[in-house]
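Undergrad: Submitted below is the structure of interest, expressed as structure tokens.
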Amino acid sequence: MNYADVWLPLPLPHPFTYIIPPGLSVVPGHLVEVSLGRRHVVGVIGFLHEKAGHQVATDKEIKEIIRLLDSRPVVTESMFECLNWASRYYMTPLGEVLSTALPSALYRRRRTDSKKEPTIRQSPFAEHWETEKEVSLNAEQEAVYQALAEKADARVFHPALLFGITGSGKTEIYLKLLQQVLLKSKTALFLVPEIGLTPQVVARFRQVFGEKLALYHSGLTENQRLHEWRRCLEGSARVVVGTRSALFAPLASLGLIIIDEEHDASYKQEERFRYHARDLGLVRGKIENAVVLLGSATPSLESFSNARAGKYRLFTLRERPTQAVTPQIRLIDMAAYKRQTKSVLSLCSEMHEAIAETLRRKEQALVLINRRGFASSFFCLACEKSHLCPNCSVSLTYHRHNKQLLCHYCAFETKLPSICPSCGSRETTLLGLGTETVEEELKTWFPRARLSRLDRDSTQKKGYLLQTLKRMKEGKIDILVGTQMVAKGHDIPNVTLVGVLGIDAGLGLPDFRAAEKSFQLLTQVAGRAGRAEKPGRVIVQTFAPDHFSIQCACRNDYERFFEQELSFRREAGYPPEARLIQFRFSSANEKRLIDFMRCLKVHLDHMAGGPAALGPSKAPIEKIRGRFRWQVLLKGKNRDAVQKGASRIAAFAGSNIPSGVQWAVDVDPISML
Ligand code: ADP
Ligand code: ZN
Ligand code: ZN
């Protein structure tokens with residue numbers, strides 16, 4: 001072969017052709033350095049050809065490949081198959097898909113297989129954590145383990161969903177399965193939503209797998225990532241624990257992929273290559289003939305309906321293996337409470353008493369308030385306007401620690417004004433709740449309690465998150481208040497009270513998954529209470545006590561929630577009962593954007609026989625970072641028709657988009673705002 005396609009990390013739908021210089025032997029998947037214009041860039045070899053002219057060349061003359069950067073192909077044949085599939089399905093150029101899947105350090109132009117490894121200053125395992133004792137599986141757990149271990153042995157694709165209530169011992173099953181797969185000389189992947197939130201699990205894995213374990217997540221430096229990735233490629237690491245991008249770890253003879261908390265939205269990448277690690281995990285598993293195990297106490301509607309349709313084998317764990325019982329959930333109707341008491345405090349008296357009692361018993365409390373900051377907005381009582389971000393169409397949030405109003409979308413910051421910026425009135429107030437508001441109130445009421453806060457602001461400081469979780473586990477914190485970060489996966493025996501505020505705030509958002517998200521969050525956070533001998537209780541303050549997602553979460557009734565939500569999705573034509581593809585358009589120039597949206601509308605009207613196209617319309621958040629946003633949503637039951645329609649819009653946008661307008665396509669979108 002004389003010519004090679006080279007995929008560069010660019011948003012172009014095609015590779016470039018280069019000459020393979022005499023004496024150089026390359027195969028698909030090799031990493032090479034080539035020239036592009038006057039630059040030298042790194043790319044991945046695709047197909048090889050006898051003749052030139054298959055693909056577009058950069059200049060008039062075809063250039064030679066400059067050099068091979070790694071003697072071993074960095075993309076195996078099966079990985080290529082998976083990424084090619086992803087490129088088609090997610091309508092993203094293969095070059096971009098590859099640059100997401102490979103460690104970014106590989107794209108820095110240098111030989112990577114030199115003997116000199118990049119220096120790893122800090123081992124990813126530097127942190128210590130006391131680990132759990134080993135337990136033997138109970139009969140329910142053992143049955144799941146046996147069934148799946150057998151399949152992992154058989155080298156067949158076997159997708160399964162483990163629906164097990166919080167604390168039902170899913171992690172124990174995962175560990176046993178992983179050990180078994182390793183014994184059979186295979187490798188395995190274990191994906192978690194956020195690694196920083198699960199130090200116990202990581203420490204446990206480290207203890208069990210030692211040097212065979214690789215960690216892969218965004219908290220690592222580029223060099224650490226490359227190091228871990230290379231250990232997988234070379235075969236010294238055989239189990240990978242990581243977040244969504246760990247799905248691309250170059251493990252050979254993969255036997256098992258576990259995706260824990262499969263419902264979690266952080267499995268979806270929200271930029272450039274917008275893949276879903278759960279969905280792509282199933283594709284990788286199919287290509288590699290592996291067992292793919294999805295686990296959750298609150299499965300996504302997508303996964304549970306697949307399981308019910310028989311596409312995944314369903315395993316259910318309804319009991320906790322310990323003496324622990326699932327906690328009772330008590331709802332407080334806050335509208336009624338406020339009418340009655342005229343209270344301006346964020347915590348109601350029952351919550352207050354429950355916390356006091358927990359402190360008296362030397363037990364621990366978690367308080368969830370899914371909004372950071374002090375108040376959600378600076379509101380003028382005279383003109384009834386909130387203070388909006390100048391770059392985004394959202395209200396600014398007051399942050400007490402630095403006395404600033406902050407935009408959560410673009411990080412715009414400004415001092416808290418003393419008068420209304422719109423009308424000059426002095427009659428202003430702060431509206432709404434945030435983690436800082438609640439922290440402040442708790443401090444006032446319980447001055448001697450040891451209080452900590454977990455949210456995106458407090459965890460900016462390196463090490464704070466881990467330290468806080470550790471102190472919580474050691475009983476050195478009495479009350480932990482925070483956002484959804486406090487809801488995920490923690491197993492702290494002395495937590496006996498969980499307080500929940502503002503769970504209904506999301507229900508009003510124009511997002512068809514709003515009910516599902518509050519159901520999941522409430523169930524997950526409730527699952528943190530009473531995980532050991534001491535019974536737990538959960539108090540939920542809500543303005544929507546009758547909402548079915550809150551009602552079902554209180555009764556621990558996933559199936560009922562599922563049925564009701566599914567019938568809503570069916571009627572409204574939303575996933576999993578229909579397929580969605582969303583196009584987003586944005587520009588700093590509103591007129592140019594709107595003009596283009598008019599053209600697109602005309603084009604859509606002529607697209608006869610296609611799927612339903614909603615829009616073009618303004619996005620729910622009309623402006624972010626100074627860019628105006630519009631969208632088109634394609635939906636339909638017929639998956640191929642939706643995909644075909646999307647291809648036509650992509651082709652139209654690709655060739656007609658005016659300069660200064662950007663577009664992106666999001667297949668199976670999660671974020672609807
Ligand atoms: P999940 O991942 O389903 O939320 P975990 O695996 O964290 O649940 O288990 C919850 C608790 O139950 C842990 O403290 C764990 O050590 C304990 N546990 C799990 N399986 C058993 C078992 N078979 N016997 C005794 N304790 C168990
Ligand atoms: Zn005003
Ligand atoms: Zn902003």
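Labeling convention for the structure tokens: chains A, B, ... as they appear, residues from 1 per chain, ligands from 1 in order of appearance.
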Using only C-alpha atoms and all ligand atoms, which residues have at least one atom no more than 7 Å from ligand 2? Output them as a list of chain:residue names.
TA: A:Cys380, A:Leu381, A:Ala382, A:Cys383, A:Glu384, A:Lys385, A:Cys420, A:Pro421, A:Ser422, A:Cys423, A:Gly424, A:Ser425
Undergrad: Could you turn the residues from that selection into a file that holds N, CA and C atoms, as a short mmCIF file (atom, residue, chain, number, x, y, z; two decimals), in the first residue's frame?
TA:
```cif
data_model
loop_
_atom_site.label_atom_id
_atom_site.label_comp_id
_atom_site.auth_asym_id
_atom_site.auth_seq_id
_atom_site.Cartn_x
_atom_site.Cartn_y
_atom_site.Cartn_z
N CYS A 380 -36.07 43.06 42.61
CA CYS A 380 -36.54 44.40 42.93
C CYS A 380 -38.04 44.35 43.21
N LEU A 381 -38.44 44.81 44.39
CA LEU A 381 -39.86 44.77 44.77
C LEU A 381 -40.65 45.85 44.05
N ALA A 382 -39.95 46.91 43.58
CA ALA A 382 -40.64 48.00 42.89
C ALA A 382 -40.97 47.61 41.45
N CYS A 383 -39.95 47.21 40.69
CA CYS A 383 -40.24 46.90 39.27
C CYS A 383 -40.40 45.40 39.03
N GLU A 384 -40.24 44.61 40.10
CA GLU A 384 -40.44 43.16 40.04
C GLU A 384 -39.56 42.49 38.99
N LYS A 385 -38.32 42.92 38.92
CA LYS A 385 -37.37 42.28 38.00
C LYS A 385 -36.23 41.67 38.80
N CYS A 420 -31.74 48.92 42.75
CA CYS A 420 -32.10 48.13 41.58
C CYS A 420 -31.44 48.72 40.33
N PRO A 421 -30.70 47.91 39.57
CA PRO A 421 -30.03 48.43 38.38
C PRO A 421 -31.03 48.86 37.29
N SER A 422 -32.26 48.35 37.32
CA SER A 422 -33.22 48.73 36.28
C SER A 422 -33.93 50.04 36.61
N CYS A 423 -34.45 50.18 37.87
CA CYS A 423 -35.27 51.35 38.16
C CYS A 423 -34.72 52.22 39.28
N GLY A 424 -33.64 51.77 39.92
CA GLY A 424 -33.02 52.61 40.94
C GLY A 424 -33.66 52.51 42.31
N SER A 425 -34.70 51.68 42.44
CA SER A 425 -35.36 51.58 43.74
C SER A 425 -34.43 50.95 44.79
#
```
Undergrad: Quick check for you: according to DSSP on this backbone, which residues of range 441-584 of chain A are classed as strand (DSSP E or B)? Reply as a PyMOL selection string.
TA: chain A and resi 451-454+479-482+495-501+537-542+579-584
Undergrad: Could you tell me, counting only C-alpha atoms and all ligand atoms, which protein and nucleic acid residues lie no more than 9 Å from ligand 3, written as a list of chain:residue names?
TA: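 The residues within 9 Å of ligand 3, counting only C-alpha atoms and all ligand atoms, are A:Leu388, A:Cys389, A:Pro390, A:Asn391, A:Cys392, A:Ser393, A:Val394, A:Ser395, A:Leu396, A:Leu406, A:Cys407, A:His408, A:Tyr409, A:Cys410, A:Ala411, A:Phe412, A:Glu413, A:Lys623, A:Ile624, A:Arg625, A:Gly626.
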Undergrad: Print the selection's residues with C-alpha atoms to a file, as a PDB file, in the first residue's frame.
TA:
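This is the output file again.pdb:
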```
ATOM      1  CA  LEU A 388     -30.037  39.157  34.966  1.00  0.00           C
ATOM      2  CA  CYS A 389     -26.601  38.284  33.672  1.00  0.00           C
ATOM      3  CA  PRO A 390     -25.689  40.695  30.852  1.00  0.00           C
ATOM      4  CA  ASN A 391     -24.331  37.773  28.769  1.00  0.00           C
ATOM      5  CA  CYS A 392     -26.921  35.102  29.530  1.00  0.00           C
ATOM      6  CA  SER A 393     -30.668  35.110  29.981  1.00  0.00           C
ATOM      7  CA  VAL A 394     -30.539  33.800  33.549  1.00  0.00           C
ATOM      8  CA  SER A 395     -30.628  35.475  36.966  1.00  0.00           C
ATOM      9  CA  LEU A 396     -27.419  36.074  38.839  1.00  0.00           C
ATOM     10  CA  LEU A 406     -22.387  35.309  40.015  1.00  0.00           C
ATOM     11  CA  CYS A 407     -23.659  33.840  36.754  1.00  0.00           C
ATOM     12  CA  HIS A 408     -23.639  30.030  36.907  1.00  0.00           C
ATOM     13  CA  TYR A 409     -23.433  29.816  33.120  1.00  0.00           C
ATOM     14  CA  CYS A 410     -20.618  32.215  32.167  1.00  0.00           C
ATOM     15  CA  ALA A 411     -19.044  33.064  35.543  1.00  0.00           C
ATOM     16  CA  PHE A 412     -19.823  36.779  35.132  1.00  0.00           C
ATOM     17  CA  GLU A 413     -19.420  38.440  38.532  1.00  0.00           C
ATOM     18  CA  LYS A 623     -28.547  33.592  25.537  1.00  0.00           C
ATOM     19  CA  ILE A 624     -25.377  32.173  27.072  1.00  0.00           C
ATOM     20  CA  ARG A 625     -22.009  33.933  27.121  1.00  0.00           C
ATOM     21  CA  GLY A 626     -23.293  36.652  24.843  1.00  0.00           C
TER      22      GLY A 626
END
```
Undergrad: Counting only C-alpha atoms and all ligand atoms, which of A:Leu593, A:Ala143, A:Leu183, A:Val32 gets nearest to ligand 1?
TA: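 Distance minimum relative to ligand 1 lands on A:Ala143.
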Undergrad: Could you report the residues within 8 Å of ligand 1, using only C-alpha atoms and all ligand atoms, as number ranges by chain?
TA: A: 132-138, 141, 164-173, 296-297, 320-322, 489-491, 493, 527, 531-532
Undergrad: As a PyMOL selection string, please: every residue in range 140-302 of chain A that a backbone DSSP assignment puts in alpha helix (DSSP H).
TA: chain A and resi 140-153+170-183+199-209+222-234+277-288+301-302
Undergrad: Given only C-alpha atoms as the basis, pick out the residue of A:Thr243, A:Thr326, A:Ser567, A:Asn656 nearest to Leu197 in chain A.
TA: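 Distance minimum relative to Leu197 in chain A lands on A:Thr243.
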Undergrad: Excluding range 574-578 of chain A and residues on its chain fewer than 3 positions from it, collect all residues at most 9 Å away from it, counting only C-alpha atoms, and give them as a VMD selection string.
TA: chain A and resid 301 to 303 305 to 306 512 566 to 571 635 to 639 668
Undergrad: So that I can see what lies close to Ile45 in chain A, please list as a ChimeraX atom specification the residues with an atom at most 6 Å from it, counting only C-alpha atoms and leaving out residues fewer than 6 positions away in the same chain.
TA: /A:5-6,28-30
Undergrad: Considering only C-alpha atoms, can you say which of A:Ala52, A:Leu465, A:Leu416, A:Val283 comes closest to Ala86 in chain A?
TA: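 Looking only at the distances to Ala86 in chain A, the closest residue turns out to be A:Val283.
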Undergrad: Go through A:Arg318, A:Lys184, A:Arg225, A:Arg108 and flag the residue nearest Leu254 in chain A, using only C-alpha atoms for the distances.
TA: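 Between A:Arg318, A:Lys184, A:Arg225, A:Arg108, the residue approaching Leu254 in chain A most closely is A:Lys184.
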Undergrad: Which residues of range 406-498 of chain A sit at most 12 Å from range 209-220 of chain A, using only C-alpha atoms? Give each one's shortest atom pair and distance in Å (one decimal place), in chain and ascending residue order, as CSV.
TA:
```
residue,atom,partner,partner_atom,distance
A:Gln460,CA,A:Gly219,CA,12.0
A:Lys462,CA,A:Gly219,CA,10.0
A:Gly463,CA,A:Gly219,CA,11.0
```
Undergrad: Please determine, counting only C-alpha atoms, which residue among A:Glu533, A:Glu77, A:Asp605, A:Glu96 has the shortest atom-to-atom distance to Ala324 in chain A.
TA: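 Nearest candidate to Ala324 in chain A out of A:Glu533, A:Glu77, A:Asp605, A:Glu96: A:Glu533.
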Undergrad: Given the choices A:Val498, A:Leu469, A:Leu314, A:Met672, which gets closest to Gln364 in chain A if the distance is worked out from only C-alpha atoms?
TA: A:Val498
Undergrad: Find the residues near Ile332 in chain A: any atom within 10 Å, counting only C-alpha atoms, skip ones fewer than 6 places away on the same chain, and give them as a list in words.
TA: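 Contacts, in chain order: Cys348, Glu350, Met351, Ile539, Val540, Gln541, Thr542, Phe543, Ala544 and Pro545 of chain A.
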Undergrad: For N, CA and C atoms, I'd like the residues from the last selection saved as a PDB file, in the first residue's frame.
TA:
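Result written to out-v8.pdb:
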```pdb
ATOM      1  N   CYS A 348     -37.997  24.243  58.232  1.00  0.00           N
ATOM      2  CA  CYS A 348     -39.220  24.258  59.026  1.00  0.00           C
ATOM      3  C   CYS A 348     -38.921  23.709  60.418  1.00  0.00           C
ATOM      4  N   GLU A 350     -40.025  21.209  62.112  1.00  0.00           N
ATOM      5  CA  GLU A 350     -39.826  19.766  62.262  1.00  0.00           C
ATOM      6  C   GLU A 350     -38.412  19.354  61.844  1.00  0.00           C
ATOM      7  N   MET A 351     -37.943  19.972  60.771  1.00  0.00           N
ATOM      8  CA  MET A 351     -36.580  19.708  60.310  1.00  0.00           C
ATOM      9  C   MET A 351     -35.592  20.122  61.397  1.00  0.00           C
ATOM     10  N   ILE A 539     -36.559  13.762  55.852  1.00  0.00           N
ATOM     11  CA  ILE A 539     -37.595  14.791  55.881  1.00  0.00           C
ATOM     12  C   ILE A 539     -37.474  15.630  54.628  1.00  0.00           C
ATOM     13  N   VAL A 540     -38.549  15.741  53.899  1.00  0.00           N
ATOM     14  CA  VAL A 540     -38.529  16.466  52.641  1.00  0.00           C
ATOM     15  C   VAL A 540     -39.453  17.670  52.726  1.00  0.00           C
ATOM     16  N   GLN A 541     -38.887  18.861  52.597  1.00  0.00           N
ATOM     17  CA  GLN A 541     -39.718  20.075  52.544  1.00  0.00           C
ATOM     18  C   GLN A 541     -40.049  20.335  51.083  1.00  0.00           C
ATOM     19  N   THR A 542     -41.322  20.424  50.767  1.00  0.00           N
ATOM     20  CA  THR A 542     -41.647  20.589  49.348  1.00  0.00           C
ATOM     21  C   THR A 542     -42.888  21.458  49.131  1.00  0.00           C
ATOM     22  N   PHE A 543     -42.875  22.152  48.017  1.00  0.00           N
ATOM     23  CA  PHE A 543     -44.048  22.919  47.606  1.00  0.00           C
ATOM     24  C   PHE A 543     -44.928  22.099  46.671  1.00  0.00           C
ATOM     25  N   ALA A 544     -44.487  20.887  46.340  1.00  0.00           N
ATOM     26  CA  ALA A 544     -45.271  20.037  45.445  1.00  0.00           C
ATOM     27  C   ALA A 544     -45.439  18.654  46.059  1.00  0.00           C
ATOM     28  N   PRO A 545     -46.061  18.592  47.258  1.00  0.00           N
ATOM     29  CA  PRO A 545     -46.121  17.297  47.955  1.00  0.00           C
ATOM     30  C   PRO A 545     -46.938  16.242  47.207  1.00  0.00           C
TER      31      PRO A 545
END
```
Undergrad: Near range 445-450 of chain A, within 8 Å and counting only C-alpha atoms, which residues show up once chain neighbours fewer than 4 positions away are dropped, as an mmCIF file with all heavy atoms, in the first residue's frame?
TA:
```
data_model
loop_
_atom_site.group_PDB
_atom_site.id
_atom_site.type_symbol
_atom_site.label_atom_id
_atom_site.label_comp_id
_atom_site.auth_asym_id
_atom_site.auth_seq_id
_atom_site.Cartn_x
_atom_site.Cartn_y
_atom_site.Cartn_z
ATOM 1 N N ALA A 356 -31.704 18.734 65.656
ATOM 2 C CA ALA A 356 -31.292 18.863 67.057
ATOM 3 C C ALA A 356 -31.210 17.494 67.725
ATOM 4 O O ALA A 356 -30.250 17.181 68.440
ATOM 5 C CB ALA A 356 -32.278 19.767 67.798
ATOM 6 N N LEU A 359 -28.186 15.533 66.584
ATOM 7 C CA LEU A 359 -26.969 16.018 67.232
ATOM 8 C C LEU A 359 -26.872 15.500 68.663
ATOM 9 O O LEU A 359 -25.815 15.098 69.120
ATOM 10 C CB LEU A 359 -26.932 17.553 67.223
ATOM 11 C CG LEU A 359 -26.819 18.216 65.840
ATOM 12 C CD1 LEU A 359 -26.928 19.734 65.962
ATOM 13 C CD2 LEU A 359 -25.518 17.829 65.151
ATOM 14 N N GLU A 441 -28.072 29.508 58.035
ATOM 15 C CA GLU A 441 -29.150 29.314 58.985
ATOM 16 C C GLU A 441 -28.792 28.227 60.006
ATOM 17 O O GLU A 441 -29.054 28.371 61.200
ATOM 18 C CB GLU A 441 -30.415 28.925 58.218
ATOM 19 C CG GLU A 441 -31.673 29.338 58.931
ATOM 20 C CD GLU A 441 -32.896 29.097 58.051
ATOM 21 O OE1 GLU A 441 -32.979 29.714 56.970
ATOM 22 O OE2 GLU A 441 -33.746 28.290 58.445
ATOM 23 N N LYS A 476 -16.303 13.253 62.021
ATOM 24 C CA LYS A 476 -15.807 14.555 62.481
ATOM 25 C C LYS A 476 -16.659 15.716 61.975
ATOM 26 O O LYS A 476 -16.328 16.869 62.186
ATOM 27 C CB LYS A 476 -14.354 14.740 62.040
ATOM 28 C CG LYS A 476 -13.409 13.775 62.752
ATOM 29 C CD LYS A 476 -11.987 13.952 62.293
ATOM 30 C CE LYS A 476 -11.070 12.977 63.029
ATOM 31 N NZ LYS A 476 -9.846 12.722 62.265
ATOM 32 N N ILE A 477 -17.721 15.387 61.245
ATOM 33 C CA ILE A 477 -18.663 16.408 60.798
ATOM 34 C C ILE A 477 -20.039 15.990 61.305
ATOM 35 O O ILE A 477 -20.405 14.819 61.208
ATOM 36 C CB ILE A 477 -18.684 16.512 59.256
ATOM 37 C CG1 ILE A 477 -17.337 17.036 58.737
ATOM 38 C CG2 ILE A 477 -19.829 17.401 58.773
ATOM 39 C CD1 ILE A 477 -17.198 16.970 57.235
ATOM 40 N N ASP A 478 -20.790 16.956 61.870
ATOM 41 C CA ASP A 478 -22.123 16.622 62.372
ATOM 42 C C ASP A 478 -23.187 16.826 61.308
ATOM 43 O O ASP A 478 -24.103 16.031 61.156
ATOM 44 C CB ASP A 478 -22.458 17.481 63.597
ATOM 45 C CG ASP A 478 -21.445 17.291 64.709
ATOM 46 O OD1 ASP A 478 -21.120 16.124 65.004
ATOM 47 O OD2 ASP A 478 -20.958 18.301 65.248
ATOM 48 N N ILE A 479 -23.053 17.946 60.581
ATOM 49 C CA ILE A 479 -24.047 18.242 59.545
ATOM 50 C C ILE A 479 -23.305 18.556 58.250
ATOM 51 O O ILE A 479 -22.438 19.431 58.219
ATOM 52 C CB ILE A 479 -24.907 19.468 59.908
ATOM 53 C CG1 ILE A 479 -25.465 19.353 61.333
ATOM 54 C CG2 ILE A 479 -26.029 19.649 58.898
ATOM 55 C CD1 ILE A 479 -26.167 20.621 61.812
#
```
Undergrad: Just how far from CA of Arg339 in chain A is CA of Val538 in chain A, in Å to one decimal?
TA: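 So the answer is 23.0 Å.
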Undergrad: Any idea what's packed within 10 Å of Gln180 in chain A, counting only C-alpha atoms, ignoring anything in its chain fewer than 6 positions away? Could you give it as a ChimeraX atom specification?
TA: /A:145,149-150,152-153,174,186
Undergrad: Work out how far CA of Glu439 in chain A is from CA of Glu427 in chain A, in Å to one decimal.
TA: 25.5 Å
